[in-house]
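**Student:** Compact mmCIF, C-alpha atoms and all ligand atoms, file work12.txt:
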```
# COMPACT_ATOMS: atom_id res chain seq x y z
CA MET A 1 -5.63 -1.80 -20.53
CA ARG A 2 -6.71 -5.40 -19.91
CA ASN A 3 -7.18 -6.69 -16.35
CA CYS A 4 -5.17 -4.58 -13.99
CA ILE A 5 -4.30 -4.08 -10.36
CA PHE A 6 -3.56 -0.84 -8.53
CA VAL A 7 -0.36 -0.67 -6.51
CA THR A 8 0.09 2.33 -4.19
CA GLY A 9 3.64 3.17 -3.16
CA GLY A 10 5.03 1.13 -6.03
CA ALA A 11 8.11 3.35 -6.33
CA GLY A 12 9.17 2.54 -2.77
CA PHE A 13 11.33 -0.24 -1.39
CA ILE A 14 8.82 -3.08 -1.04
CA GLY A 15 6.31 -1.77 -3.59
CA GLY A 16 9.04 -1.44 -6.25
CA ASN A 17 10.18 -5.00 -5.66
CA PHE A 18 6.57 -6.14 -5.78
CA VAL A 19 5.94 -4.42 -9.14
CA LEU A 20 9.11 -5.87 -10.69
CA ASP A 21 8.36 -9.33 -9.38
CA TRP A 22 4.70 -9.18 -10.43
CA LEU A 23 5.48 -8.08 -13.99
CA ALA A 24 8.27 -10.63 -14.37
CA ASP A 25 5.37 -12.99 -15.10
CA ALA A 26 4.40 -12.38 -18.72
CA ASN A 27 0.80 -13.38 -17.94
CA ALA A 28 0.36 -11.10 -14.94
CA ASP A 29 -2.32 -8.44 -14.81
CA GLU A 30 -1.13 -4.98 -15.72
CA VAL A 31 -0.13 -2.53 -12.97
CA VAL A 32 -1.26 1.03 -12.32
CA ASN A 33 1.38 2.35 -9.95
CA VAL A 34 0.10 5.23 -7.79
CA ASP A 35 2.90 6.98 -5.95
CA LYS A 36 3.48 10.54 -4.76
CA LEU A 37 7.25 10.20 -5.18
CA THR A 38 8.27 11.45 -1.75
CA TYR A 39 11.93 11.27 -0.70
CA ALA A 40 11.34 7.48 -0.42
CA GLY A 41 10.11 6.93 -3.98
CA ASN A 42 12.60 6.25 -6.74
CA LEU A 43 11.50 5.55 -10.29
CA LYS A 44 15.02 4.50 -11.30
CA THR A 45 14.34 1.18 -9.64
CA LEU A 46 11.61 0.62 -12.21
CA ALA A 47 13.75 1.65 -15.18
CA SER A 48 13.63 -1.86 -16.63
CA LEU A 49 9.89 -1.27 -17.17
CA ASP A 50 10.41 1.83 -19.32
CA GLY A 51 8.39 1.35 -22.50
CA ASP A 52 6.50 -1.62 -21.02
CA SER A 53 2.82 -0.86 -21.59
CA ARG A 54 1.86 -3.21 -18.75
CA HIS A 55 3.14 -0.61 -16.24
CA VAL A 56 1.34 2.73 -15.94
CA PHE A 57 2.88 5.17 -13.47
CA SER A 58 0.82 8.00 -11.95
CA GLU A 59 2.47 10.57 -9.69
CA THR A 60 -0.49 10.87 -7.33
CA ASP A 61 -0.99 11.51 -3.64
CA ILE A 62 -3.33 8.98 -2.02
CA CYS A 63 -4.87 11.97 -0.18
CA ASP A 64 -6.14 13.31 -3.54
CA ARG A 65 -9.65 11.86 -3.80
CA ALA A 66 -10.46 13.38 -7.19
CA ALA A 67 -7.30 11.93 -8.75
CA LEU A 68 -8.01 8.51 -7.23
CA ASN A 69 -11.57 8.60 -8.59
CA ARG A 70 -10.26 9.39 -12.06
CA LEU A 71 -7.68 6.61 -11.98
CA LEU A 72 -10.12 4.00 -10.70
CA THR A 73 -12.78 4.73 -13.30
CA THR A 74 -10.20 4.96 -16.09
CA TYR A 75 -8.41 1.67 -15.38
CA ASN A 76 -11.01 -0.50 -13.56
CA PRO A 77 -8.69 -2.51 -11.29
CA ARG A 78 -9.69 -5.90 -9.93
CA ALA A 79 -7.59 -5.32 -6.79
CA VAL A 80 -5.65 -2.68 -4.86
CA VAL A 81 -2.34 -3.48 -3.16
CA HIS A 82 -1.75 -0.63 -0.71
CA PHE A 83 1.92 -0.10 0.18
CA ALA A 84 2.03 3.73 0.18
CA ALA A 85 2.99 5.09 3.57
CA GLU A 86 5.42 7.16 5.52
CA SER A 87 7.41 4.23 6.82
CA HIS A 88 10.46 5.20 8.86
CA VAL A 89 10.08 5.14 12.65
CA ASP A 90 12.82 7.72 13.32
CA ARG A 91 11.25 10.21 10.92
CA SER A 92 7.91 9.76 12.68
CA ILE A 93 9.51 10.80 15.95
CA SER A 94 11.05 13.98 14.54
CA GLY A 95 8.02 14.85 12.34
CA PRO A 96 4.81 12.90 12.96
CA ALA A 97 2.43 15.11 10.94
CA GLU A 98 3.23 13.53 7.55
CA PHE A 99 2.58 10.10 9.06
CA ILE A 100 -0.88 11.11 10.22
CA GLN A 101 -1.60 12.65 6.83
CA THR A 102 -0.48 9.81 4.57
CA ASN A 103 -0.99 6.75 6.74
CA ILE A 104 -4.34 7.71 8.28
CA VAL A 105 -5.93 10.41 6.07
CA GLY A 106 -4.42 8.88 2.92
CA THR A 107 -5.62 5.36 3.73
CA PHE A 108 -9.05 6.75 4.60
CA THR A 109 -9.20 8.69 1.32
CA LEU A 110 -8.15 5.63 -0.64
CA LEU A 111 -10.73 3.47 1.14
CA GLU A 112 -13.47 5.98 0.36
CA ALA A 113 -12.51 6.17 -3.32
CA VAL A 114 -12.26 2.38 -3.56
CA ARG A 115 -15.57 1.89 -1.73
CA ALA A 116 -17.35 4.13 -4.23
CA TYR A 117 -15.70 2.39 -7.19
CA TRP A 118 -16.28 -1.11 -5.80
CA GLY A 119 -19.95 -0.33 -5.09
CA GLY A 120 -20.46 0.35 -8.79
CA LEU A 121 -19.07 -2.99 -9.99
CA ASP A 122 -21.29 -5.83 -11.09
CA ASP A 123 -21.93 -8.67 -8.62
CA ALA A 124 -19.17 -10.98 -9.89
CA ALA A 125 -16.52 -8.24 -10.01
CA ARG A 126 -17.54 -6.97 -6.57
CA ALA A 127 -17.23 -10.46 -5.09
CA ALA A 128 -13.81 -11.06 -6.68
CA PHE A 129 -12.38 -7.64 -5.74
CA ARG A 130 -9.68 -7.41 -3.03
CA PHE A 131 -8.11 -4.51 -1.12
CA LEU A 132 -4.78 -5.68 0.31
CA HIS A 133 -3.47 -3.40 3.05
CA VAL A 134 0.22 -3.79 3.83
CA SER A 135 0.84 -3.03 7.48
CA THR A 136 3.53 -3.80 10.00
CA ASP A 137 4.12 -6.00 13.04
CA GLU A 138 5.04 -2.79 14.89
CA VAL A 139 1.33 -2.22 15.58
CA PHE A 140 1.72 -5.01 18.19
CA GLY A 141 4.54 -3.23 20.04
CA SER A 142 7.95 -4.68 20.90
CA LEU A 143 9.09 -8.20 21.66
CA GLY A 144 11.70 -9.12 24.26
CA PRO A 145 14.03 -12.07 23.56
CA ASN A 146 11.86 -14.46 25.61
CA ASP A 147 8.44 -13.16 24.59
CA ARG A 148 6.03 -15.28 22.56
CA GLN A 149 5.73 -14.34 18.92
CA PHE A 150 2.94 -12.04 17.75
CA SER A 151 -0.21 -13.53 16.21
CA GLU A 152 -3.33 -12.11 14.62
CA SER A 153 -4.96 -12.07 18.05
CA THR A 154 -2.19 -10.09 19.77
CA ALA A 155 -3.54 -6.82 21.21
CA TYR A 156 -2.52 -3.67 19.40
CA ALA A 157 0.14 -1.71 21.34
CA PRO A 158 1.81 0.79 18.99
CA ASN A 159 4.80 2.58 20.51
CA SER A 160 5.74 5.24 17.94
CA PRO A 161 3.85 7.77 15.83
CA TYR A 162 4.64 5.51 12.85
CA SER A 163 3.14 2.39 14.39
CA ALA A 164 0.21 4.35 15.84
CA SER A 165 -0.61 5.72 12.38
CA LYS A 166 -0.35 2.25 10.84
CA ALA A 167 -2.55 0.84 13.63
CA ALA A 168 -5.15 3.50 12.86
CA SER A 169 -5.05 2.56 9.18
CA ASP A 170 -5.48 -1.13 10.08
CA HIS A 171 -8.58 -0.25 12.09
CA LEU A 172 -10.03 1.77 9.22
CA VAL A 173 -9.45 -1.11 6.80
CA ARG A 174 -11.11 -3.55 9.20
CA ALA A 175 -14.03 -1.16 9.70
CA TYR A 176 -14.58 -0.83 5.94
CA HIS A 177 -14.97 -4.59 5.76
CA HIS A 178 -17.34 -4.87 8.71
CA THR A 179 -19.34 -1.73 7.90
CA TYR A 180 -19.48 -1.77 4.11
CA GLY A 181 -18.46 -5.33 3.19
CA LEU A 182 -15.36 -4.21 1.26
CA PRO A 183 -13.27 -7.39 0.71
CA VAL A 184 -10.01 -6.61 2.51
CA LEU A 185 -6.85 -8.40 3.57
CA THR A 186 -4.32 -6.95 6.01
CA THR A 187 -0.76 -8.22 6.38
CA ASN A 188 1.46 -7.37 9.38
CA CYS A 189 4.94 -8.33 8.28
CA SER A 190 8.12 -7.65 10.24
CA ASN A 191 11.14 -5.82 8.82
CA ASN A 192 11.97 -6.40 5.17
CA TYR A 193 15.53 -6.01 3.98
CA GLY A 194 17.48 -6.35 0.77
CA LEU A 195 18.08 -4.49 -2.45
CA ILE A 196 15.77 -3.44 -5.21
CA THR A 197 16.85 -5.55 -8.13
CA SER A 198 15.19 -5.79 -11.48
CA PRO A 199 14.89 -9.33 -12.81
CA ARG A 200 15.46 -7.92 -16.28
CA SER A 201 18.47 -5.67 -15.56
N1 LIG B 301 10.25 -1.79 5.05
C1 LIG B 301 9.86 -2.62 6.02
O1 LIG B 301 10.68 -3.33 6.64
C2 LIG B 301 8.39 -2.74 6.37
C3 LIG B 301 8.00 -3.65 7.36
C4 LIG B 301 6.66 -3.82 7.64
C5 LIG B 301 5.71 -3.10 6.95
N2 LIG B 301 6.09 -2.20 6.01
C6 LIG B 301 5.04 -1.46 5.29
O2 LIG B 301 5.19 -1.77 3.90
C7 LIG B 301 4.82 -0.64 3.13
C8 LIG B 301 5.95 -0.29 2.18
O3 LIG B 301 7.13 -0.03 2.94
P1 LIG B 301 8.48 0.46 2.22
O4 LIG B 301 9.60 0.10 3.12
O5 LIG B 301 8.49 0.01 0.81
O6 LIG B 301 8.27 2.04 2.28
P2 LIG B 301 9.07 3.18 1.51
O7 LIG B 301 9.12 4.33 2.46
O8 LIG B 301 10.33 2.67 0.91
O9 LIG B 301 8.09 3.53 0.29
C9 LIG B 301 6.87 4.20 0.48
C10 LIG B 301 6.38 4.65 -0.89
O10 LIG B 301 5.12 5.30 -0.68
C11 LIG B 301 5.12 6.52 -1.40
N3 LIG B 301 4.24 7.48 -0.73
C12 LIG B 301 4.45 8.07 0.47
N4 LIG B 301 3.43 8.90 0.77
C13 LIG B 301 2.55 8.81 -0.28
C14 LIG B 301 1.30 9.41 -0.56
N5 LIG B 301 0.74 10.30 0.29
N6 LIG B 301 0.67 9.08 -1.70
C15 LIG B 301 1.22 8.19 -2.58
N7 LIG B 301 2.42 7.60 -2.36
C16 LIG B 301 3.07 7.90 -1.22
C17 LIG B 301 6.57 6.98 -1.44
O11 LIG B 301 6.84 7.90 -2.49
C18 LIG B 301 7.31 5.65 -1.57
O12 LIG B 301 7.48 5.31 -2.93
C19 LIG B 301 4.48 0.49 4.12
O13 LIG B 301 3.08 0.57 4.25
C20 LIG B 301 5.13 0.05 5.41
O14 LIG B 301 4.42 0.54 6.53
C21 LIG B 301 7.41 -2.00 5.69
```
I'd like the structure from this file rewritten - as structure tokens, please.
**Tutor:**
Amino acid sequence: MRNCIFVTGGAGFIGGNFVLDWLADANADEVVNVDKLTYAGNLKTLASLDGDSRHVFSETDICDRAALNRLLTTYNPRAVVHFAAESHVDRSISGPAEFIQTNIVGTFTLLEAVRAYWGGLDDAARAAFRFLHVSTDEVFGSLGPNDRQFSESTAYAPNSPYSASKAASDHLVRAYHHTYGLPVLTTNCSNNYGLITSPRS
């Protein structure tokens, strides 16, 4: 594989759209798609990539450190785009344990694997590397109709097990930058909506 990026959760709603959109560019880096295929993952949305050698799918849990180590050293990504999560607020209320496991322990496990891999890169590759953590605006709590919009400096105020687990993952990602120098980016988008559509279908 030539230059590649890792995408976690690339069989989910946003991750699947990201992979299709990314690979619609013929010159894009190849994608290693790391997804556990929970109830939320659906490979049919990526069917247009069947037979496309630029897309490698690995059914892997981000809590599986040994599997992550193997994938990282096999494919040598220049970046990780981290979508994988338990993502539905209502499910976090009826069953929070999976959210703690994937969103906190999984993100921690991924950060540890990436830190070890990144530490072994040469100076130029280490400087160019990025870990993009996809989080949510829900870490900032709720907005009333007359409230001011959230900003990066809004205090964290998660209100559900989902948002609390995402807030914890944000803090871990921040800490890995400040403690170890890992080059990270965190996004806190609000709700995404739409269909998964393949540009080639
Ligand atoms: N959908 C939204 O409106 C929204 C808004 C803000 C932020 N986000 C964030 O964006 C990201 C993607 O959201 P989505 O709506 O596409 O989620 P989704 O639930 O549709 O997809 C999540 C994907 O992650 C995979 N996954 C779950 N646990 C895993 C594990 N332990 N190891 C590997 N893969 C695992 C699932 O199989 C699935 O393919 C999430 O981190 C979410 O918190 C989503």
**Student:** Taking only C-alpha atoms and all ligand atoms and a cut-off of 6 Å, can you tell me which residues surround ligand LIG 301 (chain B), written as a PyMOL selection string?
**Tutor:** chain A and resi 9-15+35-38+40-41+60-63+83-87+102+106+134-136+189-192
**Student:** Near Asp29 (chain A), counting all atoms listed in the file, which residues have an atom at most 8 Å away, once you skip same-chain residues fewer than 6 positions from it, shown as a CSV table (one decimal) with C-alpha atoms, in the frame of the given file?
**Tutor:**
```
chain,number,residue,atom,x,y,z
A,2,ARG,CA,-6.7,-5.4,-19.9
A,3,ASN,CA,-7.2,-6.7,-16.4
A,4,CYS,CA,-5.2,-4.6,-14.0
A,5,ILE,CA,-4.3,-4.1,-10.4
A,23,LEU,CA,5.5,-8.1,-14.0
A,54,ARG,CA,1.9,-3.2,-18.8
```
**Student:** As a list in words, please: the residues near Ala116 (chain A) (cut-off 12 Å, all atoms listed in the file, same-chain neighbours under 6 positions excluded).
**Tutor:** Arg65, Ala66, Leu68, Asn69, Arg70, Leu72, Thr73, Thr109, Leu110, Arg126, Tyr176, Tyr180 and Leu182 of chain A
**Student:** Taking C-alpha atoms for each residue, export the selection above as a short mmCIF file (atom, residue, chain, number, x, y, z; two decimals), in the coordinates of the input.
**Tutor:**
```cif
data_model
loop_
_atom_site.label_atom_id
_atom_site.label_comp_id
_atom_site.auth_asym_id
_atom_site.auth_seq_id
_atom_site.Cartn_x
_atom_site.Cartn_y
_atom_site.Cartn_z
CA ARG A 65 -9.65 11.86 -3.80
CA ALA A 66 -10.46 13.38 -7.19
CA LEU A 68 -8.01 8.51 -7.23
CA ASN A 69 -11.57 8.60 -8.59
CA ARG A 70 -10.26 9.39 -12.06
CA LEU A 72 -10.12 4.00 -10.70
CA THR A 73 -12.78 4.73 -13.30
CA THR A 109 -9.20 8.69 1.32
CA LEU A 110 -8.15 5.63 -0.64
CA ARG A 126 -17.54 -6.97 -6.57
CA TYR A 176 -14.58 -0.83 5.94
CA TYR A 180 -19.48 -1.77 4.11
CA LEU A 182 -15.36 -4.21 1.26
#
```
**Student:** How far is it from CA of Gly95 (chain A) to CA of Ser169 (chain A), in Å with one decimal?
**Tutor:**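 The value is 18.2 Å.
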**Student:** Between A:Tyr156, A:Tyr193, A:Phe131, A:Phe6, which residue has the minimum interatomic distance to His171 (chain A), considering all atoms listed in the file?
**Tutor:**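 Closest candidate: A:Tyr156.
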**Student:** Just save region 13-39 of chain A with N, CA and C atoms, as an mmCIF file, in the first residue's frame.
**Tutor:**
```cif
data_model
loop_
_atom_site.group_PDB
_atom_site.id
_atom_site.type_symbol
_atom_site.label_atom_id
_atom_site.label_comp_id
_atom_site.auth_asym_id
_atom_site.auth_seq_id
_atom_site.Cartn_x
_atom_site.Cartn_y
_atom_site.Cartn_z
ATOM 1 N N PHE A 13 -22.234 5.741 9.970
ATOM 2 C CA PHE A 13 -22.940 6.772 9.195
ATOM 3 C C PHE A 13 -21.964 7.837 8.662
ATOM 4 N N ILE A 14 -21.274 8.520 9.552
ATOM 5 C CA ILE A 14 -20.391 9.593 9.084
ATOM 6 C C ILE A 14 -19.110 9.001 8.493
ATOM 7 N N GLY A 15 -18.552 7.988 9.179
ATOM 8 C CA GLY A 15 -17.306 7.393 8.685
ATOM 9 C C GLY A 15 -17.468 6.804 7.285
ATOM 10 N N GLY A 16 -18.616 6.156 7.030
ATOM 11 C CA GLY A 16 -18.857 5.596 5.695
ATOM 12 C C GLY A 16 -18.914 6.676 4.634
ATOM 13 N N ASN A 17 -19.617 7.765 4.950
ATOM 14 C CA ASN A 17 -19.654 8.893 4.004
ATOM 15 C C ASN A 17 -18.266 9.476 3.795
ATOM 16 N N PHE A 18 -17.497 9.552 4.880
ATOM 17 C CA PHE A 18 -16.141 10.092 4.766
ATOM 18 C C PHE A 18 -15.295 9.234 3.825
ATOM 19 N N VAL A 19 -15.361 7.897 4.017
ATOM 20 C CA VAL A 19 -14.532 7.000 3.193
ATOM 21 C C VAL A 19 -14.934 7.124 1.716
ATOM 22 N N LEU A 20 -16.228 7.147 1.447
ATOM 23 C CA LEU A 20 -16.671 7.257 0.048
ATOM 24 C C LEU A 20 -16.225 8.590 -0.552
ATOM 25 N N ASP A 21 -16.377 9.635 0.213
ATOM 26 C CA ASP A 21 -16.021 10.959 -0.290
ATOM 27 C C ASP A 21 -14.501 11.061 -0.493
ATOM 28 N N TRP A 22 -13.759 10.532 0.459
ATOM 29 C CA TRP A 22 -12.283 10.586 0.383
ATOM 30 C C TRP A 22 -11.786 9.857 -0.861
ATOM 31 N N LEU A 23 -12.312 8.646 -1.083
ATOM 32 C CA LEU A 23 -11.814 7.827 -2.189
ATOM 33 C C LEU A 23 -12.440 8.207 -3.536
ATOM 34 N N ALA A 24 -13.382 9.122 -3.531
ATOM 35 C CA ALA A 24 -13.896 9.638 -4.801
ATOM 36 C C ALA A 24 -12.806 10.424 -5.534
ATOM 37 N N ASP A 25 -11.810 10.871 -4.791
ATOM 38 C CA ASP A 25 -10.650 11.544 -5.382
ATOM 39 C C ASP A 25 -9.626 10.472 -5.783
ATOM 40 N N ALA A 26 -9.379 10.361 -7.056
ATOM 41 C CA ALA A 26 -8.487 9.304 -7.557
ATOM 42 C C ALA A 26 -7.080 9.424 -6.990
ATOM 43 N N ASN A 27 -6.703 10.639 -6.539
ATOM 44 C CA ASN A 27 -5.346 10.833 -6.023
ATOM 45 C C ASN A 27 -5.257 10.734 -4.498
ATOM 46 N N ALA A 28 -6.359 10.389 -3.866
ATOM 47 C CA ALA A 28 -6.369 10.362 -2.391
ATOM 48 C C ALA A 28 -5.514 9.218 -1.862
ATOM 49 N N ASP A 29 -4.995 9.419 -0.653
ATOM 50 C CA ASP A 29 -4.300 8.324 0.029
ATOM 51 C C ASP A 29 -5.264 7.171 0.255
ATOM 52 N N GLU A 30 -4.696 5.971 0.292
ATOM 53 C CA GLU A 30 -5.515 4.786 0.509
ATOM 54 C C GLU A 30 -6.053 4.756 1.946
ATOM 55 N N VAL A 31 -7.092 3.954 2.157
ATOM 56 C CA VAL A 31 -7.782 3.932 3.452
ATOM 57 C C VAL A 31 -7.727 2.540 4.057
ATOM 58 N N VAL A 32 -7.289 2.471 5.323
ATOM 59 C CA VAL A 32 -7.452 1.249 6.118
ATOM 60 C C VAL A 32 -8.598 1.532 7.079
ATOM 61 N N ASN A 33 -9.684 0.814 6.879
ATOM 62 C CA ASN A 33 -10.935 1.070 7.582
ATOM 63 C C ASN A 33 -11.061 0.066 8.733
ATOM 64 N N VAL A 34 -10.980 0.583 9.956
ATOM 65 C CA VAL A 34 -10.947 -0.268 11.156
ATOM 66 C C VAL A 34 -12.288 -0.141 11.865
ATOM 67 N N ASP A 35 -13.086 -1.191 11.807
ATOM 68 C CA ASP A 35 -14.445 -1.097 12.356
ATOM 69 C C ASP A 35 -14.843 -2.451 12.931
ATOM 70 N N LYS A 36 -15.466 -2.415 14.099
ATOM 71 C CA LYS A 36 -15.892 -3.643 14.778
ATOM 72 C C LYS A 36 -17.166 -4.230 14.177
ATOM 73 N N LEU A 37 -17.854 -3.449 13.370
ATOM 74 C CA LEU A 37 -19.150 -3.840 12.811
ATOM 75 C C LEU A 37 -20.142 -4.173 13.927
ATOM 76 N N THR A 38 -20.432 -3.183 14.745
ATOM 77 C CA THR A 38 -21.528 -3.315 15.708
ATOM 78 C C THR A 38 -22.838 -3.199 14.937
ATOM 79 N N TYR A 39 -23.950 -3.119 15.677
ATOM 80 C CA TYR A 39 -25.260 -2.924 15.024
ATOM 81 C C TYR A 39 -25.232 -1.690 14.099
#
```
